[in-house]
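Novice: To start, I am sharing the structure in question, which I have written as structure tokens.
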Number of protein chains: 2
Amino acid sequence: MQAFFLPAATSAAAPLSAVPEQVQISLGDRSYPILIGTGLLGHAQAWAGLPQAATAFIVTNTTLQPLYAERLQAALQPHYAAVFTVALPDGEAHKNWQTLNLIFDALLQQGSDRKTVLFALGGGVVGDMTGFAAASYMRGVPFVQVPTTLLAQVDSSVGGKTAINHPLGKNMIGAFYQPHLVVCDLDLLKTLPRRELSAGLAEVIKYGPIADMAFLDWIESNLDALLASEPAALAHAVKRSCEIKAWVVGQDEREGGLRAILNFGHTFGHAIEAGMGYGAWLHGEAVGCGMVMAARLSQRLGLIDESLVLRLTRLIHHAGLPVQGPLLDETDNAGRYLQLMRLDKKSEAGEIRFVVIDGPGRAAVRSAPDALVREVIDDCCLSV
Amino acid sequence: MQAFFLPAATSAAAPLSAVPEQVQISLGDRSYPILIGTGLLGHAQAWAGLPQAATAFIVTNTTLQPLYAERLQAALQPHYAAVFTVALPDGEAHKNWQTLNLIFDALLQQGSDRKTVLFALGGGVVGDMTGFAAASYMRGVPFVQVPTTLLAQVDSSVGGKTAINHPLGKNMIGAFYQPHLVVCDLDLLKTLPRRELSAGLAEVIKYGPIADMAFLDWIESNLDALLASEPAALAHAVKRSCEIKAWVVGQDEREGGLRAILNFGHTFGHAIEAGMGYGAWLHGEAVGCGMVMAARLSQRLGLIDESLVLRLTRLIHHAGLPVQGPLLDETDNAGRYLQLMRLDKKSEAGEIRFVVIDGPGRAAVRSAPDALVREVIDDCCLSV
């Protein structure tokens, strides 16, 4: 485990200014800013440094298109001679090659070239697919993330992980490919269903136990404001999450080591998503429950006290997320979890690598004996 | 056009030694060697610096599998606990997502992890698909090129361009992703059909007019030896081609400028391939004919003399390649060529960018008036 020095948090929940706040991802010539604020879709300053091109493509889904596509189109019109929109079917179940190909079809039908800019207007699914389309179309065109969910604003739109699912595993086909710019307009969260707000909070909570216990305190104190979508609270949650993520990604873009800590809760979570069928649980719901299981594993390994497990479980529950794992197999539930977790991308030669809490505010990646993992799963899952 | 200084050729056609010859691709931490020689498949030195992993996958096609897969398997066995083979259907018509997915299916079914190494045993199609699979599987695993055709040894296996075709355009979906090693075993060319040998010579000839007229002289003098697959002649052709390509790619990995000159003949060539249906003409055949058209365009633009056009046409013809373009449309043949060429990846905002000979041994990228291009197409195509 590398030593790490996290930059201190800026003043918590300062009054919102008219100027968007900015977090920088520092990756040499692939560096880019994340802009955070209200009203950004109509804010000329947010769209100042766009890549030049003849055409732009807004990639969104059929649910979001009627809500926001026209406003983004209006913001982009001054910058591009032609702005097209592609609306994909909505949902994780469509995060596959067939849907990705709809983007390629549209790009080619309009004669898009190597400079055409793609804009991902949506949540994690739209962002991941647009990013992989941008990485692959003509071997790479520029793209911009305009995340419309809390989960995408605090996690998936930042850091350049793009992918589609394969029937045998989530996010198995993809690329590390950085966007040119991320625009987090908090106003877009106003239409977010409560269930998706909770799912996003899972990824916000994640940053506490792995990197910043003061942020965990802040989340606990401000959970009601966050659940009520108060802009100042959301702005701080998004900004601090992006700061922590920027700091991790800046040190380990391609997940050679440190970056894996961002997958806290994801090893168990991915097993839940795969076992239930993609889309049955939201990704954030599976991660919320997965964090309870990963915390329990950390405690069983002697790394943290029971009290931190209970504290996290309580917060995740109050955030509106499941804290008990689903039953994936009636005869050998733990065995099914283990089988699915061996397919995790962090696994090596069939050995599952778990992200654990290595003391409050610190994470590590390690293996664990199957027998211990079985006990954790039995502890944390609904019984028959 | 950037100024460039090509390294001098090493001694032409030196006697073959038992030690493989080596050309280095210099790209910082993505640098790698190209090994060239006979008997390399069974030569322990060729497989010394392989990436460590538990498993390796040989990706090949159903034609090559019975010829070479077992020998490569034997060479890799000492390095990996398990070596699997996937055989794809043979031919450019299968260079698509469905076939690519056969690789992903096999990788996931065997529980491959992030370190699993892919070996592309085949020509350009196998190399391009294996490279793109390696770039995308779990967002990137290492791969090694073992090219079995002259075309792949002198061009497609080197430089990190990977891709699959889309029904609306060739190589439209892909990645820049460098191999870890390229092993050019000249013995593998012994089973190469004469038609494919000629197709490979197209890419050898290409390096002359764009970069090295002395190499063009050498090819003319040694064409009979090359067509007879004499190892010493092939070794020099492969080595000098790789040297020139290494020098270009080392300066411009992602085709921001200079690298585009390697597409000499390819703009016309891709139109031929797309217009005839992928696989009707071999890629090298289309490029051979495309070079005649690009040379004629260069002459019409006043950049070179008629004599160089005729010299190139004669050489391409003697290499067993077509020098007259096919008729792609009975009513507006030139219009059809132009329409297809506008889809070329070098096009920008609908303007076709042609690679032209800008004086003997020097290339440039530029546009040309449609009327002039139409004349060139009419000149170079079979009439109705």
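Following the order of the structure tokens, first chain is A, next is B, and so on, with residues numbered from 1 inside each chain and ligands from 1 in the order they appear.
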Identify every residue of chain B that has at least one atom within 7 Å of any atom of chain A, counting only C-alpha atoms, and report the result as a PyMOL selection string.

Specialist: chain B and resi 54+108+111+113-114+136-140+168+172-176+343+345+347-349

Novice: If you keep C-alpha atoms, can you produce a file of those selected residues as a tab-separated table (two decimals), in the first residue's frame?

Specialist:
```tsv
chain	number	residue	atom	x	y	z
B	54	ALA	CA	-0.76	-17.14	-15.56
B	108	LEU	CA	-14.14	-14.75	-20.11
B	111	GLY	CA	-11.53	-16.68	-16.43
B	113	ASP	CA	-7.49	-11.74	-15.86
B	114	ARG	CA	-5.86	-8.34	-16.44
B	136	SER	CA	-10.46	-3.34	-24.75
B	137	TYR	CA	-10.52	-6.50	-22.63
B	138	MET	CA	-10.68	-5.27	-19.03
B	139	ARG	CA	-9.57	-1.91	-20.49
B	140	GLY	CA	-6.25	-3.32	-21.66
B	168	LEU	CA	-20.23	1.97	-43.32
B	172	MET	CA	-13.75	2.74	-38.19
B	173	ILE	CA	-13.82	1.23	-34.66
B	174	GLY	CA	-10.48	0.70	-32.96
B	175	ALA	CA	-7.66	1.96	-30.78
B	176	PHE	CA	-4.04	3.00	-30.86
B	343	LEU	CA	-15.74	8.59	-45.41
B	345	LYS	CA	-10.68	8.81	-41.59
B	347	SER	CA	-11.25	13.52	-44.25
B	348	GLU	CA	-12.15	16.65	-42.31
B	349	ALA	CA	-15.52	18.37	-42.62
```

Novice: Excluding Thr38 in chain B and any residue of its chain fewer than 6 positions from it, enumerate the residues within 12 Å of it, using only C-alpha atoms, and give them as a list in words.

Specialist: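 Using only C-alpha atoms, the neighbours found are Pro15, Leu16, Ser17, Ala18, Val19, Pro20, Glu21, Ala46, Val183, Cys184, Asp185, Leu186, Asp187, Leu188, Leu189, Lys190, Glu230, Pro231, Ala232, Leu234 and Ala235 of chain B.
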
Novice: Please provide as number ranges by chain all residues within 8 Å of Ile210 in chain B, with the sequence filter that same-chain residues fewer than 5 positions apart are discarded (counting only C-alpha atoms).

Specialist: B: 261-262, 264, 357, 360-363

Novice: What does the distance from CA of Ala87 in chain B to CA of Thr62 in chain B come to in Å, to one decimal?

Specialist: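 Atom-to-atom, CA of Ala87 in chain B and CA of Thr62 in chain B are spaced 5.2 Å apart.
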
Novice: Please report, as a ChimeraX atom specification, each residue of range 229-303 of chain B to which DSSP assigns helix (DSSP H, G or I) when run on this structure's backbone.

Specialist: /B:231-251,258-263,266-276,283-300

Novice: Find the spatial neighbours of range 317-324 of chain A, counting only C-alpha atoms, within a cut-off of 7 Å - ignore same-chain residues fewer than 3 positions away - and output them as a list in words.

Specialist: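 My reading of the contact set: Ser198, Ala199, Leu201, Glu285, Gly288, Cys289, Val292, Thr313, Arg314, Cys380, Cys381 and Leu382 of chain A.
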
Novice: Using only C-alpha atoms for the distances, tell me which of B:Leu72, B:Leu328, B:Gln45, B:Ala371 is nearest to Ile58 in chain B.

Specialist: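 Once distances to Ile58 in chain B are computed over only C-alpha atoms, the minimum belongs to B:Leu72.
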
Novice: So that I can check the surroundings of Arg300 in chain B, please list as a PyMOL selection string every protein, DNA and RNA residue that reaches within 12 Å of it, counting only C-alpha atoms and ignoring chain neighbours fewer than 5 positions away.

Specialist: chain B and resi 293-295+305-306+309+356-358+368-369+371-377+379

Novice: Just write the chosen residues, N, CA, C and O atoms, as a PDB file, in the first residue's frame.

Specialist:
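The result, stored in selection.pdb:
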```pdb
ATOM      1  N   MET B 293      -3.121   5.369 -58.591  1.00  0.00           N
ATOM      2  CA  MET B 293      -4.028   6.510 -58.684  1.00  0.00           C
ATOM      3  C   MET B 293      -3.459   7.721 -57.929  1.00  0.00           C
ATOM      4  O   MET B 293      -3.547   8.859 -58.403  1.00  0.00           O
ATOM      5  N   ALA B 294      -2.871   7.478 -56.769  1.00  0.00           N
ATOM      6  CA  ALA B 294      -2.308   8.580 -55.981  1.00  0.00           C
ATOM      7  C   ALA B 294      -1.084   9.182 -56.677  1.00  0.00           C
ATOM      8  O   ALA B 294      -0.851  10.396 -56.594  1.00  0.00           O
ATOM      9  N   ALA B 295      -0.307   8.316 -57.357  1.00  0.00           N
ATOM     10  CA  ALA B 295       0.848   8.816 -58.110  1.00  0.00           C
ATOM     11  C   ALA B 295       0.370   9.671 -59.287  1.00  0.00           C
ATOM     12  O   ALA B 295       0.911  10.755 -59.554  1.00  0.00           O
ATOM     13  N   ASP B 305       7.015  13.991 -62.036  1.00  0.00           N
ATOM     14  CA  ASP B 305       6.975  13.767 -63.485  1.00  0.00           C
ATOM     15  C   ASP B 305       6.199  12.504 -63.828  1.00  0.00           C
ATOM     16  O   ASP B 305       6.126  11.567 -63.032  1.00  0.00           O
ATOM     17  N   GLU B 306       5.701  12.482 -65.041  1.00  0.00           N
ATOM     18  CA  GLU B 306       5.053  11.301 -65.629  1.00  0.00           C
ATOM     19  C   GLU B 306       5.949  10.060 -65.472  1.00  0.00           C
ATOM     20  O   GLU B 306       5.461   8.958 -65.236  1.00  0.00           O
ATOM     21  N   VAL B 309       5.422   8.115 -62.326  1.00  0.00           N
ATOM     22  CA  VAL B 309       4.133   7.416 -62.346  1.00  0.00           C
ATOM     23  C   VAL B 309       4.273   6.109 -63.118  1.00  0.00           C
ATOM     24  O   VAL B 309       3.830   5.046 -62.650  1.00  0.00           O
ATOM     25  N   VAL B 356       0.038  12.460 -51.184  1.00  0.00           N
ATOM     26  CA  VAL B 356       0.620  12.579 -52.520  1.00  0.00           C
ATOM     27  C   VAL B 356       2.138  12.486 -52.428  1.00  0.00           C
ATOM     28  O   VAL B 356       2.719  12.646 -51.360  1.00  0.00           O
ATOM     29  N   ILE B 357       2.764  12.177 -53.576  1.00  0.00           N
ATOM     30  CA  ILE B 357       4.235  12.200 -53.641  1.00  0.00           C
ATOM     31  C   ILE B 357       4.626  13.638 -53.922  1.00  0.00           C
ATOM     32  O   ILE B 357       4.254  14.209 -54.944  1.00  0.00           O
ATOM     33  N   ASP B 358       5.382  14.236 -53.025  1.00  0.00           N
ATOM     34  CA  ASP B 358       5.735  15.657 -53.110  1.00  0.00           C
ATOM     35  C   ASP B 358       7.182  15.767 -53.585  1.00  0.00           C
ATOM     36  O   ASP B 358       8.019  16.370 -52.927  1.00  0.00           O
ATOM     37  N   ALA B 368      -7.481  18.171 -52.963  1.00  0.00           N
ATOM     38  CA  ALA B 368      -7.368  18.358 -54.414  1.00  0.00           C
ATOM     39  C   ALA B 368      -8.759  18.670 -54.950  1.00  0.00           C
ATOM     40  O   ALA B 368      -9.763  18.198 -54.397  1.00  0.00           O
ATOM     41  N   PRO B 369      -8.830  19.486 -56.021  1.00  0.00           N
ATOM     42  CA  PRO B 369     -10.161  19.817 -56.568  1.00  0.00           C
ATOM     43  C   PRO B 369     -10.874  18.551 -57.060  1.00  0.00           C
ATOM     44  O   PRO B 369     -10.247  17.686 -57.683  1.00  0.00           O
ATOM     45  N   ALA B 371     -12.762  18.072 -59.512  1.00  0.00           N
ATOM     46  CA  ALA B 371     -12.705  17.886 -60.966  1.00  0.00           C
ATOM     47  C   ALA B 371     -11.422  17.147 -61.361  1.00  0.00           C
ATOM     48  O   ALA B 371     -11.439  16.242 -62.204  1.00  0.00           O
ATOM     49  N   LEU B 372     -10.313  17.523 -60.723  1.00  0.00           N
ATOM     50  CA  LEU B 372      -9.024  16.885 -60.999  1.00  0.00           C
ATOM     51  C   LEU B 372      -9.042  15.417 -60.551  1.00  0.00           C
ATOM     52  O   LEU B 372      -8.563  14.529 -61.269  1.00  0.00           O
ATOM     53  N   VAL B 373      -9.626  15.173 -59.373  1.00  0.00           N
ATOM     54  CA  VAL B 373      -9.700  13.801 -58.859  1.00  0.00           C
ATOM     55  C   VAL B 373     -10.555  12.944 -59.801  1.00  0.00           C
ATOM     56  O   VAL B 373     -10.226  11.792 -60.088  1.00  0.00           O
ATOM     57  N   ARG B 374     -11.633  13.525 -60.305  1.00  0.00           N
ATOM     58  CA  ARG B 374     -12.473  12.801 -61.269  1.00  0.00           C
ATOM     59  C   ARG B 374     -11.670  12.401 -62.508  1.00  0.00           C
ATOM     60  O   ARG B 374     -11.781  11.280 -63.001  1.00  0.00           O
ATOM     61  N   GLU B 375     -10.843  13.306 -63.001  1.00  0.00           N
ATOM     62  CA  GLU B 375     -10.017  12.991 -64.177  1.00  0.00           C
ATOM     63  C   GLU B 375      -9.070  11.834 -63.876  1.00  0.00           C
ATOM     64  O   GLU B 375      -8.887  10.938 -64.695  1.00  0.00           O
ATOM     65  N   VAL B 376      -8.469  11.882 -62.686  1.00  0.00           N
ATOM     66  CA  VAL B 376      -7.545  10.807 -62.294  1.00  0.00           C
ATOM     67  C   VAL B 376      -8.283   9.471 -62.252  1.00  0.00           C
ATOM     68  O   VAL B 376      -7.775   8.449 -62.752  1.00  0.00           O
ATOM     69  N   ILE B 377      -9.460   9.471 -61.673  1.00  0.00           N
ATOM     70  CA  ILE B 377     -10.236   8.225 -61.574  1.00  0.00           C
ATOM     71  C   ILE B 377     -10.605   7.737 -62.981  1.00  0.00           C
ATOM     72  O   ILE B 377     -10.464   6.548 -63.292  1.00  0.00           O
ATOM     73  N   ASP B 379      -9.023   8.314 -65.739  1.00  0.00           N
ATOM     74  CA  ASP B 379      -7.765   7.822 -66.318  1.00  0.00           C
ATOM     75  C   ASP B 379      -7.433   6.406 -65.887  1.00  0.00           C
ATOM     76  O   ASP B 379      -6.939   5.595 -66.679  1.00  0.00           O
TER      77      ASP B 379
END
```

Novice: Tell me which protein, DNA and RNA residues are within 9 Å of Met291 in chain B, counting only C-alpha atoms, leaving out same-chain ones fewer than 4 positions away, and put them as a PyMOL selection string.

Specialist: chain B and resi 202+206+264-266+268-269+286-287+295-296+312-313+316+323

Novice: For Tyr68 in chain B, find every residue with an atom within 10 Å (counting only C-alpha atoms), except residues of its own chain fewer than 6 positions away, and show them as an MDAnalysis selection string.

Specialist: chainID B and resid 41 60 121:122 148 188

Novice: Residues of the last selection are to be written out with N, CA, C and O atoms, as a PDB file, in the first residue's frame.

Specialist:
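Output below, filename part.pdb:
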```
ATOM      1  N   LEU B  41      10.040 -19.080 -34.460  1.00  0.00           N
ATOM      2  CA  LEU B  41       8.993 -19.740 -33.671  1.00  0.00           C
ATOM      3  C   LEU B  41       9.613 -20.744 -32.696  1.00  0.00           C
ATOM      4  O   LEU B  41       9.128 -20.910 -31.580  1.00  0.00           O
ATOM      5  N   THR B  60      -5.864 -16.886 -33.614  1.00  0.00           N
ATOM      6  CA  THR B  60      -5.447 -17.163 -34.984  1.00  0.00           C
ATOM      7  C   THR B  60      -6.703 -17.370 -35.835  1.00  0.00           C
ATOM      8  O   THR B  60      -7.801 -17.017 -35.384  1.00  0.00           O
ATOM      9  N   LEU B 121      -1.563 -14.535 -33.953  1.00  0.00           N
ATOM     10  CA  LEU B 121      -0.865 -15.390 -34.922  1.00  0.00           C
ATOM     11  C   LEU B 121      -1.646 -15.336 -36.230  1.00  0.00           C
ATOM     12  O   LEU B 121      -2.615 -16.084 -36.421  1.00  0.00           O
ATOM     13  N   GLY B 122      -1.248 -14.428 -37.130  1.00  0.00           N
ATOM     14  CA  GLY B 122      -1.997 -14.313 -38.380  1.00  0.00           C
ATOM     15  C   GLY B 122      -1.586 -13.088 -39.167  1.00  0.00           C
ATOM     16  O   GLY B 122      -0.568 -12.451 -38.870  1.00  0.00           O
ATOM     17  N   THR B 148       1.997 -13.511 -39.864  1.00  0.00           N
ATOM     18  CA  THR B 148       2.226 -14.654 -40.756  1.00  0.00           C
ATOM     19  C   THR B 148       2.149 -14.275 -42.229  1.00  0.00           C
ATOM     20  O   THR B 148       2.255 -15.145 -43.094  1.00  0.00           O
ATOM     21  N   LEU B 188       7.379 -18.387 -41.751  1.00  0.00           N
ATOM     22  CA  LEU B 188       5.919 -18.443 -41.838  1.00  0.00           C
ATOM     23  C   LEU B 188       5.412 -17.987 -43.205  1.00  0.00           C
ATOM     24  O   LEU B 188       4.269 -18.250 -43.575  1.00  0.00           O
TER      25      LEU B 188
END
```

Novice: Could you tell me, as a VMD selection string, which residues of range 70-147 of chain B DSSP assigns to strand (DSSP E or B) when given the backbone?

Specialist: chain B and resid 82 to 88 117 to 122 137 143 to 147

Novice: Take the selection from the previous step and output its residues with all heavy atoms, as a short mmCIF file (atom, residue, chain, number, x, y, z; two decimals), in the first residue's frame.

Specialist:
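Once written, out-v6.cif looks like this:
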```
data_model
loop_
_atom_site.label_atom_id
_atom_site.label_comp_id
_atom_site.auth_asym_id
_atom_site.auth_seq_id
_atom_site.Cartn_x
_atom_site.Cartn_y
_atom_site.Cartn_z
N ALA B 82 -1.05 -21.97 -18.49
CA ALA B 82 -2.04 -22.47 -19.46
C ALA B 82 -1.98 -21.61 -20.71
O ALA B 82 -1.89 -20.39 -20.64
CB ALA B 82 -3.44 -22.40 -18.85
N VAL B 83 -1.99 -22.28 -21.88
CA VAL B 83 -2.02 -21.57 -23.16
C VAL B 83 -3.23 -22.06 -23.95
O VAL B 83 -3.33 -23.25 -24.26
CB VAL B 83 -0.72 -21.83 -23.98
CG1 VAL B 83 -0.77 -21.05 -25.28
CG2 VAL B 83 0.52 -21.47 -23.17
N PHE B 84 -4.15 -21.17 -24.23
CA PHE B 84 -5.37 -21.52 -24.98
C PHE B 84 -5.27 -20.99 -26.41
O PHE B 84 -4.48 -20.09 -26.69
CB PHE B 84 -6.60 -20.90 -24.32
CG PHE B 84 -6.78 -21.29 -22.88
CD1 PHE B 84 -6.35 -20.46 -21.85
CD2 PHE B 84 -7.37 -22.51 -22.55
CE1 PHE B 84 -6.51 -20.83 -20.51
CE2 PHE B 84 -7.54 -22.89 -21.22
CZ PHE B 84 -7.11 -22.04 -20.20
N THR B 85 -6.05 -21.56 -27.30
CA THR B 85 -6.09 -21.08 -28.69
C THR B 85 -7.53 -20.79 -29.10
O THR B 85 -8.44 -21.56 -28.81
CB THR B 85 -5.50 -22.15 -29.64
OG1 THR B 85 -4.12 -22.36 -29.28
CG2 THR B 85 -5.56 -21.68 -31.09
N VAL B 86 -7.75 -19.64 -29.73
CA VAL B 86 -9.04 -19.31 -30.34
C VAL B 86 -8.82 -19.17 -31.83
O VAL B 86 -7.95 -18.40 -32.25
CB VAL B 86 -9.58 -17.93 -29.88
CG1 VAL B 86 -11.07 -17.82 -30.16
CG2 VAL B 86 -9.23 -17.64 -28.45
N ALA B 87 -9.59 -19.89 -32.64
CA ALA B 87 -9.45 -19.80 -34.10
C ALA B 87 -10.67 -19.06 -34.67
O ALA B 87 -11.80 -19.52 -34.55
CB ALA B 87 -9.31 -21.17 -34.72
N LEU B 88 -10.41 -17.92 -35.30
CA LEU B 88 -11.49 -17.10 -35.88
C LEU B 88 -11.74 -17.54 -37.31
O LEU B 88 -10.84 -18.09 -37.96
CB LEU B 88 -11.08 -15.63 -35.86
CG LEU B 88 -10.57 -15.08 -34.53
CD1 LEU B 88 -10.13 -13.62 -34.71
CD2 LEU B 88 -11.64 -15.18 -33.45
N VAL B 117 -1.99 -12.65 -21.51
CA VAL B 117 -1.32 -12.11 -22.69
C VAL B 117 -1.95 -12.70 -23.95
O VAL B 117 -2.15 -13.91 -24.04
CB VAL B 117 0.18 -12.45 -22.68
CG1 VAL B 117 0.91 -11.72 -23.80
CG2 VAL B 117 0.79 -12.08 -21.33
N LEU B 118 -2.28 -11.85 -24.91
CA LEU B 118 -2.83 -12.31 -26.19
C LEU B 118 -1.71 -12.36 -27.24
O LEU B 118 -0.90 -11.43 -27.33
CB LEU B 118 -3.94 -11.37 -26.65
CG LEU B 118 -5.36 -11.65 -26.16
CD1 LEU B 118 -5.41 -11.73 -24.65
CD2 LEU B 118 -6.32 -10.59 -26.66
N PHE B 119 -1.70 -13.43 -28.03
CA PHE B 119 -0.74 -13.57 -29.13
C PHE B 119 -1.52 -13.60 -30.44
O PHE B 119 -2.33 -14.50 -30.65
CB PHE B 119 0.08 -14.86 -28.97
CG PHE B 119 1.06 -14.78 -27.83
CD1 PHE B 119 0.64 -15.00 -26.52
CD2 PHE B 119 2.39 -14.47 -28.04
CE1 PHE B 119 1.53 -14.91 -25.45
CE2 PHE B 119 3.30 -14.37 -26.99
CZ PHE B 119 2.85 -14.59 -25.69
N ALA B 120 -1.26 -12.61 -31.30
CA ALA B 120 -1.93 -12.56 -32.60
C ALA B 120 -1.10 -13.35 -33.60
O ALA B 120 -0.05 -12.89 -34.04
CB ALA B 120 -2.07 -11.11 -33.05
N LEU B 121 -1.56 -14.54 -33.95
CA LEU B 121 -0.87 -15.39 -34.92
C LEU B 121 -1.65 -15.34 -36.23
O LEU B 121 -2.61 -16.08 -36.42
CB LEU B 121 -0.80 -16.83 -34.38
CG LEU B 121 -0.21 -17.90 -35.31
CD1 LEU B 121 1.28 -17.66 -35.56
CD2 LEU B 121 -0.45 -19.30 -34.74
N GLY B 122 -1.25 -14.43 -37.13
CA GLY B 122 -2.00 -14.31 -38.38
C GLY B 122 -1.59 -13.09 -39.17
O GLY B 122 -0.57 -12.45 -38.87
N TYR B 137 -10.17 -5.52 -23.64
CA TYR B 137 -10.52 -6.50 -22.63
C TYR B 137 -10.06 -6.00 -21.27
O TYR B 137 -8.86 -5.72 -21.07
CB TYR B 137 -9.88 -7.87 -22.94
CG TYR B 137 -10.26 -8.92 -21.93
CD1 TYR B 137 -11.57 -9.36 -21.85
CD2 TYR B 137 -9.34 -9.46 -21.03
CE1 TYR B 137 -11.95 -10.32 -20.90
CE2 TYR B 137 -9.70 -10.41 -20.10
CZ TYR B 137 -11.02 -10.83 -20.04
OH TYR B 137 -11.41 -11.78 -19.10
N PHE B 143 -0.29 -7.61 -25.39
CA PHE B 143 -0.37 -8.52 -26.53
C PHE B 143 0.91 -8.51 -27.34
O PHE B 143 1.72 -7.59 -27.24
CB PHE B 143 -1.62 -8.26 -27.37
CG PHE B 143 -1.50 -7.21 -28.45
CD1 PHE B 143 -1.54 -7.57 -29.80
CD2 PHE B 143 -1.37 -5.87 -28.12
CE1 PHE B 143 -1.45 -6.60 -30.79
CE2 PHE B 143 -1.29 -4.90 -29.10
CZ PHE B 143 -1.33 -5.26 -30.44
N VAL B 144 1.09 -9.60 -28.10
CA VAL B 144 2.29 -9.83 -28.90
C VAL B 144 1.85 -10.14 -30.33
O VAL B 144 0.89 -10.87 -30.53
CB VAL B 144 3.11 -11.02 -28.33
CG1 VAL B 144 4.26 -11.41 -29.26
CG2 VAL B 144 3.63 -10.69 -26.93
N GLN B 145 2.53 -9.55 -31.30
CA GLN B 145 2.20 -9.81 -32.70
C GLN B 145 3.13 -10.89 -33.27
O GLN B 145 4.36 -10.76 -33.13
CB GLN B 145 2.37 -8.52 -33.52
CG GLN B 145 1.35 -7.43 -33.23
CD GLN B 145 0.09 -7.56 -34.09
OE1 GLN B 145 -0.19 -8.61 -34.70
NE2 GLN B 145 -0.70 -6.50 -34.12
N VAL B 146 2.55 -11.91 -33.88
CA VAL B 146 3.32 -12.93 -34.60
C VAL B 146 2.76 -12.98 -36.03
O VAL B 146 1.96 -13.84 -36.38
CB VAL B 146 3.20 -14.31 -33.92
CG1 VAL B 146 4.18 -15.30 -34.55
CG2 VAL B 146 3.45 -14.21 -32.41
N PRO B 147 3.17 -12.00 -36.85
CA PRO B 147 2.57 -11.86 -38.19
C PRO B 147 2.96 -13.00 -39.12
O PRO B 147 4.13 -13.38 -39.18
CB PRO B 147 3.09 -10.52 -38.68
CG PRO B 147 4.33 -10.26 -37.88
CD PRO B 147 4.11 -10.91 -36.55
#
```

Novice: What separation in Å, quoted to one decimal, exists between CA of Leu40 in chain A and CA of Gln153 in chain A?

Specialist: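 According to the coordinates, CA of Leu40 in chain A and CA of Gln153 in chain A are separated by 13.3 Å.
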
Novice: So, with only C-alpha atoms as the atoms that count, which of B:Leu303, B:Ala93, B:Leu216, B:Ala233 lies closest to His283 in chain B?

Specialist: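 Between B:Leu303, B:Ala93, B:Leu216, B:Ala233, the residue approaching His283 in chain B most closely is B:Ala93.
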
Novice: Would you compute the distance between CA of Leu100 in chain B and CA of Gly159 in chain A? Give it in Å to one decimal.

Specialist: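 Separating CA of Leu100 in chain B from CA of Gly159 in chain A is a distance of 26.5 Å.
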